[in-house]
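Participant: Got a structure for you, data.cif, holding mmCIF, C-alpha atoms and all ligand atoms.
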```cif
data_start
#
loop_
_atom_site.label_atom_id
_atom_site.label_comp_id
_atom_site.auth_asym_id
_atom_site.auth_seq_id
_atom_site.Cartn_x
_atom_site.Cartn_y
_atom_site.Cartn_z
CA MET A 288 23.24 7.53 -5.47
CA LYS A 289 23.50 7.62 -1.69
CA ILE A 290 20.57 6.08 0.09
CA VAL A 291 19.40 4.47 3.30
CA LEU A 292 16.80 1.68 3.26
CA LEU A 293 14.45 1.71 6.21
CA GLY A 294 11.59 -0.52 7.26
CA PRO A 295 10.53 -3.24 9.66
CA PRO A 296 12.01 -6.74 9.45
CA GLY A 297 10.56 -8.53 6.42
CA ALA A 298 9.63 -5.30 4.61
CA GLY A 299 11.77 -6.40 1.66
CA LYS A 300 14.85 -4.20 2.10
CA GLY A 301 17.28 -6.97 1.22
CA SER A 302 15.37 -8.09 -1.90
CA LEU A 303 15.04 -4.55 -3.24
CA ALA A 304 18.69 -3.91 -2.41
CA VAL A 305 19.75 -6.77 -4.72
CA LEU A 306 17.98 -5.13 -7.71
CA ILE A 307 19.22 -1.61 -6.92
CA LYS A 308 22.78 -2.85 -6.50
CA GLU A 309 22.68 -4.74 -9.82
CA ARG A 310 21.36 -1.77 -11.77
CA PHE A 311 23.29 1.11 -10.20
CA LYS A 312 26.50 -0.73 -9.20
CA ILE A 313 26.61 0.92 -5.81
CA LEU A 314 28.02 -0.50 -2.62
CA HIS A 315 25.45 -2.36 -0.49
CA ILE A 316 26.20 -2.14 3.20
CA SER A 317 23.90 -4.42 5.16
CA THR A 318 24.74 -4.35 8.86
CA GLY A 319 22.71 -7.55 9.41
CA ASP A 320 24.80 -9.34 6.75
CA ILE A 321 28.03 -8.00 8.24
CA LEU A 322 27.06 -9.21 11.71
CA ARG A 323 25.95 -12.64 10.42
CA GLU A 324 29.27 -12.96 8.59
CA GLU A 325 31.09 -12.28 11.87
CA MET A 326 29.02 -15.04 13.50
CA ARG A 327 29.80 -17.46 10.67
CA LYS A 328 33.51 -16.78 11.05
CA ASP A 329 33.11 -17.18 14.80
CA SER A 330 35.25 -14.04 15.18
CA PRO A 331 35.99 -12.45 18.58
CA LEU A 332 33.15 -10.02 17.85
CA ALA A 333 30.74 -12.93 17.34
CA LYS A 334 30.74 -13.78 21.05
CA GLU A 335 29.87 -10.20 21.89
CA ILE A 336 26.93 -9.90 19.48
CA LYS A 337 25.40 -13.40 19.36
CA SER A 338 23.03 -13.10 22.31
CA TYR A 339 21.67 -9.74 21.14
CA ILE A 340 20.92 -11.04 17.66
CA GLU A 341 19.37 -14.28 18.86
CA ASN A 342 17.16 -12.35 21.27
CA GLY A 343 16.01 -9.92 18.59
CA ALA A 344 17.66 -7.00 20.40
CA LEU A 345 19.90 -4.35 18.86
CA VAL A 346 23.61 -4.90 19.32
CA PRO A 347 25.17 -1.98 21.25
CA ASP A 348 25.33 1.27 19.27
CA GLU A 349 29.10 1.64 19.71
CA VAL A 350 29.77 -1.81 18.19
CA ILE A 351 27.73 -1.23 15.06
CA THR A 352 28.69 2.42 14.67
CA ARG A 353 32.38 1.47 14.76
CA ILE A 354 31.79 -0.96 11.87
CA VAL A 355 29.89 1.61 9.78
CA ASP A 356 32.41 4.34 10.57
CA GLN A 357 35.27 2.10 9.38
CA LYS A 358 33.42 1.36 6.12
CA PHE A 359 32.95 5.05 5.35
CA THR A 360 36.44 6.03 6.49
CA ASN A 361 38.34 3.23 4.73
CA ASP A 362 36.24 1.78 1.91
CA ILE A 363 33.95 4.49 0.53
CA LYS A 364 35.13 7.57 -1.30
CA PRO A 365 33.07 10.76 -0.75
CA ASP A 366 31.67 10.70 -4.30
CA GLN A 367 30.94 6.97 -4.40
CA GLY A 368 27.37 5.68 -4.31
CA PHE A 369 26.17 3.50 -1.46
CA MET A 370 23.06 1.89 -0.02
CA LEU A 371 22.88 1.46 3.74
CA ASP A 372 20.53 -1.31 4.83
CA GLY A 373 19.93 -1.94 8.55
CA TYR A 374 21.67 1.21 9.78
CA PRO A 375 20.66 3.55 11.35
CA ARG A 376 18.24 1.76 13.64
CA ASN A 377 17.62 4.38 16.31
CA THR A 378 17.96 8.13 16.75
CA ALA A 379 21.44 7.86 18.31
CA GLN A 380 22.66 5.93 15.24
CA ALA A 381 21.04 8.45 12.87
CA GLN A 382 22.95 11.22 14.64
CA GLU A 383 26.16 9.18 14.54
CA LEU A 384 25.66 8.66 10.81
CA ASP A 385 25.36 12.40 10.23
CA ARG A 386 28.59 12.80 12.19
CA ILE A 387 30.30 10.17 9.98
CA PHE A 388 29.00 11.95 6.85
CA GLU A 389 30.38 15.24 8.09
CA LYS A 390 33.76 13.68 8.88
CA THR A 391 34.03 11.90 5.52
CA LYS A 392 32.53 14.80 3.55
CA THR A 393 29.69 12.78 2.15
CA SER A 394 25.93 13.26 2.25
CA LEU A 395 22.66 11.44 1.86
CA ASP A 396 20.31 11.77 -1.10
CA CYS A 397 17.30 10.00 0.29
CA VAL A 398 15.87 7.51 2.75
CA LEU A 399 13.63 4.88 1.20
CA ASN A 400 11.11 3.85 3.81
CA MET A 401 9.41 0.50 3.13
CA GLU A 402 6.15 0.09 5.01
CA ALA A 403 4.68 -3.40 5.24
CA SER A 404 1.73 -5.05 6.95
CA LEU A 405 2.12 -7.63 9.70
CA PRO A 406 0.61 -10.66 7.88
CA VAL A 407 2.90 -10.09 4.89
CA ILE A 408 5.92 -9.64 7.16
CA LEU A 409 5.21 -12.84 9.10
CA LYS A 410 4.72 -14.90 5.96
CA ARG A 411 7.95 -13.60 4.42
CA ILE A 412 10.03 -14.16 7.51
CA SER A 413 8.71 -17.61 8.41
CA GLY A 414 9.48 -18.93 4.91
CA ARG A 415 12.80 -17.14 4.44
CA ARG A 416 15.85 -19.28 3.70
CA ILE A 417 19.42 -17.98 3.29
CA CYS A 418 22.42 -19.47 1.52
CA LYS A 419 25.16 -20.27 4.01
CA LYS A 420 27.87 -19.67 1.41
CA CYS A 421 26.84 -16.55 -0.54
CA GLY A 422 23.99 -15.05 1.51
CA ALA A 423 21.41 -15.18 -1.34
CA VAL A 424 17.85 -15.07 0.00
CA PHE A 425 15.02 -17.46 -0.97
CA HIS A 426 11.49 -18.17 0.24
CA VAL A 427 9.87 -21.60 0.47
CA THR A 428 6.81 -20.49 -1.54
CA ASN A 429 7.39 -16.92 -2.82
CA LYS A 430 10.84 -17.62 -4.25
CA PRO A 431 11.70 -21.31 -3.95
CA PRO A 432 15.13 -22.53 -5.07
CA LYS A 433 15.16 -24.94 -8.05
CA VAL A 434 16.38 -27.72 -5.77
CA LYS A 435 15.02 -27.81 -2.22
CA ASP A 436 17.45 -26.30 0.33
CA VAL A 437 20.14 -25.69 -2.31
CA CYS A 438 21.20 -22.22 -3.49
CA ASP A 439 20.48 -21.47 -7.19
CA VAL A 440 23.46 -19.10 -7.31
CA CYS A 441 26.32 -21.13 -5.80
CA ASP A 442 24.90 -24.56 -4.82
CA GLY A 443 25.50 -23.74 -1.14
CA PRO A 444 23.19 -25.13 1.56
CA LEU A 445 20.19 -23.00 2.61
CA TYR A 446 19.40 -22.38 6.27
CA GLN A 447 16.85 -20.51 8.34
CA ARG A 448 18.20 -17.54 10.32
CA SER A 449 18.25 -18.31 14.04
CA ASP A 450 16.35 -15.05 14.70
CA ASP A 451 13.64 -15.85 12.12
CA ASN A 452 11.42 -17.69 14.63
CA GLU A 453 8.03 -16.38 15.74
CA GLU A 454 9.09 -15.31 19.23
CA THR A 455 12.19 -13.40 18.08
CA VAL A 456 10.35 -11.80 15.18
CA LYS A 457 7.82 -10.36 17.67
CA LYS A 458 10.70 -8.86 19.66
CA ARG A 459 12.30 -7.45 16.51
CA MET A 460 8.97 -5.86 15.56
CA ASN A 461 8.79 -4.24 19.00
CA VAL A 462 12.33 -2.95 18.66
CA TYR A 463 11.40 -1.53 15.27
CA THR A 464 8.32 0.27 16.62
CA GLU A 465 10.05 1.62 19.70
CA SER A 466 13.55 2.42 18.44
CA THR A 467 13.60 2.57 14.64
CA ALA A 468 10.26 4.11 13.66
CA PRO A 469 11.09 7.40 15.48
CA ILE A 470 13.88 8.09 12.99
CA LEU A 471 11.30 8.45 10.23
CA ASP A 472 10.56 11.80 11.79
CA TYR A 473 14.28 12.64 11.89
CA TYR A 474 14.58 12.12 8.13
CA GLY A 475 11.17 13.63 7.44
CA LYS A 476 12.46 16.88 8.95
CA GLN A 477 15.52 16.67 6.68
CA LYS A 478 13.08 16.28 3.73
CA LYS A 479 14.77 13.06 2.69
CA LEU A 480 12.03 10.51 3.25
CA TRP A 481 10.34 8.53 0.44
CA THR A 482 7.78 6.04 1.66
CA VAL A 483 6.74 3.03 -0.46
CA ASP A 484 4.41 0.09 0.04
CA GLY A 485 6.61 -2.84 1.08
CA ASP A 486 3.71 -5.29 0.63
CA GLU A 487 4.18 -4.82 -3.13
CA ASP A 488 6.20 -7.18 -5.25
CA THR A 489 9.92 -6.26 -5.28
CA GLN A 490 10.09 -5.94 -9.07
CA ILE A 491 7.20 -3.45 -9.13
CA LEU A 492 8.75 -1.44 -6.29
CA PHE A 493 12.03 -1.37 -8.15
CA GLU A 494 10.40 -0.06 -11.32
CA GLN A 495 8.58 2.63 -9.31
CA PHE A 496 11.85 3.54 -7.65
CA VAL A 497 13.65 3.92 -10.99
CA GLN A 498 10.80 6.08 -12.28
CA SER A 499 10.94 8.31 -9.20
CA LEU A 500 14.67 8.71 -9.71
CA ASN A 501 14.10 9.93 -13.23
CA GLU A 502 11.78 12.58 -11.85
CA ASP A 503 14.08 13.61 -9.01
CA LYS A 504 17.09 15.66 -10.06
CA ARG A 505 18.85 15.28 -6.71
CA LEU A 506 19.70 11.67 -7.47
CA HIS A 507 20.80 12.23 -11.05
CA SER A 508 24.25 13.53 -10.44
CA HIS A 509 25.48 10.41 -8.60
P1 LIG A 601 15.90 -7.50 9.88
O1 LIG A 601 15.84 -6.17 9.20
O2 LIG A 601 15.33 -8.61 9.08
O3 LIG A 601 15.38 -7.49 11.29
P2 LIG A 601 18.87 -7.49 9.91
O4 LIG A 601 19.53 -8.56 9.14
O5 LIG A 601 18.97 -6.09 9.43
O6 LIG A 601 17.38 -7.97 10.12
O7 LIG A 601 19.44 -7.52 11.42
C1 LIG A 601 19.48 -8.69 12.18
C2 LIG A 601 19.94 -8.35 13.60
O8 LIG A 601 21.26 -7.79 13.57
C3 LIG A 601 19.10 -7.34 14.36
O9 LIG A 601 17.97 -7.92 14.99
C4 LIG A 601 20.12 -6.79 15.37
O10 LIG A 601 20.31 -7.68 16.44
C5 LIG A 601 21.40 -6.76 14.56
N1 LIG A 601 21.60 -5.46 13.88
C6 LIG A 601 21.64 -5.21 12.53
N2 LIG A 601 21.83 -3.91 12.28
C7 LIG A 601 21.91 -3.29 13.49
C8 LIG A 601 22.07 -1.94 13.91
N3 LIG A 601 22.19 -0.93 13.04
N4 LIG A 601 22.10 -1.68 15.25
C9 LIG A 601 22.00 -2.67 16.15
N5 LIG A 601 21.81 -3.96 15.83
C10 LIG A 601 21.77 -4.28 14.51
#
```
Output the file's structure as structure tokens, nothing else.
Facilitator:
Amino acid sequence: MKIVLLGPPGAGKGSLAVLIKERFKILHISTGDILREEMRKDSPLAKEIKSYIENGALVPDEVITRIVDQKFTNDIKPDQGFMLDGYPRNTAQAQELDRIFEKTKTSLDCVLNMEASLPVILKRISGRRICKKCGAVFHVTNKPPKVKDVCDVCDGPLYQRSDDNEETVKKRMNVYTESTAPILDYYGKQKKLWTVDGDEDTQILFEQFVQSLNEDKRLHSH
């Protein structure tokens, strides 16, 4: 299965990705996670990307495209399943991705577009907590950890993403509307778009997704 997850911040891409990855054992490539990992390691790249992320802006296309290109060139075999989450984020990146696919002789089965309403998005993002050690995602009320601020998976400390504050979320929403939403049309024209209701519970969405797969032969062979 070769898919792209699309949707505004807080639409539930990461949570659905966890279930899809568990069931189908495919590689999950989250550009947000990759960039946060660079920041945690305080790598040379971290200095370059920090201000963009903290301001809710997109990091430059060439930086992120280089990372994705390397993944496909070095880590993913043409027939291996993958789930891209957070890339592409604008039309230029969507075109770059098609170029990478052509170069690495791979292709895309579908783009799962998660739509979500603003109140749901704001509630999810304001309560979101992430494990510093393993990246697992919790929510103060929707999915609280057993022990406050401690990860259920690895006992690591939970933190709030620096870009999960109200002001930055507004900017990220604007970036989504202006830069990312136009690529829905790009994938619509390629007949690859499946739109689902991101306000729904992740488990229900996952079950619907599995059912749709059973009805769609394109995804069977991978
Ligand atoms: P969300 O979907 O919740 O907004 P992500 O974790 O996907 O968050 O991304 C966090 C930040 O990382 C973005 O606001 C942006 O600064 C940067 N980023 C992630 N993916 C990309 C990308 N494909 N292009 C440019 N910037 C990106």
Participant: Residues up to 8 Å from ligand LIG 601 (chain A), counting all atoms listed in the file: could you list those as a VMD selection string?
Facilitator: chain A and resid 294 to 298 300 317 to 320 322 to 323 336 339 to 348 351 to 352 372 to 377 380 412 450 456 459 to 460
Participant: Which one is closest to A:Val305: A:Gly422, A:Pro406, A:Gly414, A:Gly368? Count only C-alpha atoms.
Facilitator: A:Gly422
Participant: Identify which of the residues A:Cys418, A:Leu384, A:Val437, A:Val424 lies closest to A:Arg327, counting only C-alpha atoms when measuring atom-to-atom distances.
Facilitator: A:Cys418
Participant: In the coordinate frame of the file, compute which residues have an atom within 12 Å of (34.3, 2.9, 9.7) when using all atoms listed in the file, and state them as a PyMOL selection string.
Facilitator: chain A and resi 316+349-364+383-384+386-388+390-391
Participant: Please measure the separation of atom CA of A:Ser466 and atom CA of A:Ile313, giving the value in Å to one decimal.
Facilitator: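 Computing the Euclidean distance for atom CA of A:Ser466 and atom CA of A:Ile313 yields 27.6 Å.
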Participant: Please report the interatomic distance between atom CA of A:Val398 and atom CA of A:Lys457 in Å with one decimal.
Facilitator: 24.6 Å
Participant: Quick one, how far is atom CA of A:Phe493 from atom CA of A:Asp472?
Facilitator: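 Interatomic distance here is 23.9 Å.
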Participant: Given only C-alpha atoms as the basis, pick out the residue of A:His315, A:His426, A:Arg448, A:Lys289 nearest to A:Lys410.
Facilitator: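 Selected residue with least distance to A:Lys410: A:His426.
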